[in-house]
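One structure is given below, encoded as structure tokens.
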Amino acid sequence: MKCMYCGNTESKVIDSRQTEDGTAIRRRRECMNCGRRFTTYETIETTPVLVIKADGNRQVFDPNKLKNGIIRACEKRPVPMWKIDKLVDDVQKAVYNSLEQEVSTKKIGEMVMEGLKELDEVAYVRFASVYRQFKDISTFMKELKKMQKGDETKK
């Protein structure tokens, strides 16, 4: 690690700790040449995954966008934040574990809907209505009937 004060490449690590969120390691270093101290952070290098939108555009996968959409669907529902975070983590892991460099919004949407169906049925219907772009009440009712059939087969 190159010293930011004198440019020397020799330094020793004085202290290492995980960051609060556990996503990086904070290292306190001391330059072997000038004796000054500085801090470095070590993080995992990830390969960006691109999301293919319905119109063919591509953008980098952003878990924050995913979380915001799920929060909107769960608004005014008795869904604790930790469950939303877990769903976001599960979808994020599935996206990265697929080892694909590109994933469609359709695939991500289906994963979210599966998670929301188990989490809260009202949030599921809200998300589905936006995701599947329900045009009228009949398509909305078809989705509700599918949910009812699924509940009956579980019993």
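Letters A, B, ... mark the chains of the structure tokens in the order given; residue numbers begin at 1 per chain; ligand numbers begin at 1, in order shown.
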Write down as a PyMOL selection string the residues belonging to range 9-120 of chain A that are assigned alpha helix (DSSP H) by DSSP computed on the backbone.
-> chain A and resi 63-73+81-97+105-119
Neighbour list for Val60 in chain A as a PyMOL selection string, cut-off 8 Å, only C-alpha atoms, skip fewer than 3 positions in-chain | chain A and resi 48-51
For the residues in that selection, give me N, CA and C atoms as a PDB file, in the first residue's frame.
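Listed below is the output, again37.pdb:
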```pdb
ATOM      1  N   PRO A  48     -20.047  -6.386 -12.047  1.00  0.00           N
ATOM      2  CA  PRO A  48     -21.383  -5.803 -12.152  1.00  0.00           C
ATOM      3  C   PRO A  48     -22.323  -6.690 -12.964  1.00  0.00           C
ATOM      4  N   VAL A  49     -23.550  -6.796 -12.486  1.00  0.00           N
ATOM      5  CA  VAL A  49     -24.585  -7.526 -13.204  1.00  0.00           C
ATOM      6  C   VAL A  49     -25.492  -6.488 -13.838  1.00  0.00           C
ATOM      7  N   LEU A  50     -25.767  -6.660 -15.124  1.00  0.00           N
ATOM      8  CA  LEU A  50     -26.641  -5.731 -15.830  1.00  0.00           C
ATOM      9  C   LEU A  50     -28.063  -6.255 -15.840  1.00  0.00           C
ATOM     10  N   VAL A  51     -29.003  -5.354 -15.649  1.00  0.00           N
ATOM     11  CA  VAL A  51     -30.420  -5.692 -15.697  1.00  0.00           C
ATOM     12  C   VAL A  51     -30.951  -5.264 -17.060  1.00  0.00           C
TER      13      VAL A  51
END
```
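Of the listed residues (A:Ile14, A:Ala24, A:Cys3, A:Leu119), A:Leu119 comes nearest to Met81 in chain A; the distances count only C-alpha atoms.
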So which one's closest to Val88 in chain A, A:Met32, A:Ile52, A:Met111, A:Val130? Using only C-alpha atoms, please.
-> A:Met111
Do a neighbour search on range 95-100 of chain A at 9 Å with only C-alpha atoms, toss out local chain neighbours closer than 4 positions, and write the hits as a PyMOL selection string.
-> chain A and resi 47+49-50+61+90-91+108
Please produce an output containing C-alpha atoms for each residue in the selection, written as a JSON list (two decimals), in the first residue's frame.
```json
[["chain", "number", "residue", "atom", "x", "y", "z"],
["A", 47, "THR", "CA", -18.51, -8.09, -11.24],
["A", 49, "VAL", "CA", -24.59, -7.53, -13.20],
["A", 50, "LEU", "CA", -26.64, -5.73, -15.83],
["A", 61, "PHE", "CA", -28.28, -4.03, -10.86],
["A", 90, "ASP", "CA", -32.31, -13.29, -0.98],
["A", 91, "VAL", "CA", -33.03, -11.79, -4.41],
["A", 108, "ILE", "CA", -36.08, -10.34, -10.84]]
```
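Using only C-alpha atoms, the shortest contact distance between Thr43 in chain A and any of A:Val79, A:Ala128, A:Ile25, A:Cys31 is found at A:Ile25.
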Could you pull the residues within 12 Å of Glu121 in chain A, counting only C-alpha atoms, minus those fewer than 6 positions along the same chain, as a list of chain:residue names?
-> A:Ala73, A:Cys74, A:Arg77, A:Pro78, A:Val79, A:Met113, A:Glu114, A:Gly115, A:Phe127, A:Ala128, A:Glu143, A:Leu144, A:Met147, A:Gln148, A:Gly150, A:Asp151
Using only C-alpha atoms, determine which residues lie at most 10 Å from Tyr5 in chain A, disregarding the query and same-chain residues fewer than 2 positions distant; provide the list as a PDB file with N, CA and C atoms, in the first residue's frame.
```pdb
ATOM      1  N   LYS A   2       0.643   2.124  -0.907  1.00  0.00           N
ATOM      2  CA  LYS A   2       1.455   3.329  -1.074  1.00  0.00           C
ATOM      3  C   LYS A   2       1.047   4.400  -0.057  1.00  0.00           C
ATOM      4  N   CYS A   3       2.030   4.940   0.662  1.00  0.00           N
ATOM      5  CA  CYS A   3       1.783   5.998   1.645  1.00  0.00           C
ATOM      6  C   CYS A   3       1.309   7.254   0.930  1.00  0.00           C
ATOM      7  N   GLY A   7       4.720   8.535  -0.401  1.00  0.00           N
ATOM      8  CA  GLY A   7       4.747   7.688  -1.592  1.00  0.00           C
ATOM      9  C   GLY A   7       5.461   6.356  -1.411  1.00  0.00           C
ATOM     10  N   ASN A   8       5.998   6.095  -0.226  1.00  0.00           N
ATOM     11  CA  ASN A   8       6.686   4.835   0.036  1.00  0.00           C
ATOM     12  C   ASN A   8       5.683   3.674  -0.024  1.00  0.00           C
ATOM     13  N   CYS A  31       3.383   4.062   7.896  1.00  0.00           N
ATOM     14  CA  CYS A  31       4.418   4.067   6.862  1.00  0.00           C
ATOM     15  C   CYS A  31       5.770   3.749   7.497  1.00  0.00           C
ATOM     16  N   ASN A  33       8.593   4.489   6.195  1.00  0.00           N
ATOM     17  CA  ASN A  33       9.546   5.537   5.844  1.00  0.00           C
ATOM     18  C   ASN A  33       9.336   6.790   6.702  1.00  0.00           C
ATOM     19  N   CYS A  34       8.124   7.369   6.659  1.00  0.00           N
ATOM     20  CA  CYS A  34       7.895   8.642   7.348  1.00  0.00           C
ATOM     21  C   CYS A  34       7.215   8.474   8.708  1.00  0.00           C
ATOM     22  N   GLY A  35       6.687   7.301   9.002  1.00  0.00           N
ATOM     23  CA  GLY A  35       6.079   7.036  10.304  1.00  0.00           C
ATOM     24  C   GLY A  35       4.655   7.555  10.459  1.00  0.00           C
ATOM     25  N   ARG A  36       4.109   8.176   9.418  1.00  0.00           N
ATOM     26  CA  ARG A  36       2.735   8.691   9.508  1.00  0.00           C
ATOM     27  C   ARG A  36       1.750   7.555   9.349  1.00  0.00           C
ATOM     28  N   ARG A  37       0.561   7.761   9.896  1.00  0.00           N
ATOM     29  CA  ARG A  37      -0.468   6.724   9.858  1.00  0.00           C
ATOM     30  C   ARG A  37      -1.592   7.105   8.895  1.00  0.00           C
ATOM     31  N   PHE A  38      -2.180   6.068   8.308  1.00  0.00           N
ATOM     32  CA  PHE A  38      -3.319   6.268   7.404  1.00  0.00           C
ATOM     33  C   PHE A  38      -4.207   5.028   7.451  1.00  0.00           C
TER      34      PHE A  38
END
```
Picked from range 7-77 of chain A by DSSP as strand (DSSP E), as a PyMOL selection string | chain A and resi 11-18+24-31+37-43+50-52+58-60
I want to know what sits within 7 Å of Ser16 in chain A, based on only C-alpha atoms, with residues of the same chain fewer than 6 positions away left out; could you give that as a compact mmCIF listing (two decimals) with C-alpha atoms, in the first residue's frame?
```txt
# COMPACT_ATOMS: atom_id res chain seq x y z
CA ILE A 25 -12.20 -4.47 6.60
CA ARG A 26 -10.71 -1.24 7.97
CA ARG A 27 -6.93 -1.34 8.33
CA ARG A 28 -4.88 1.23 10.21
```
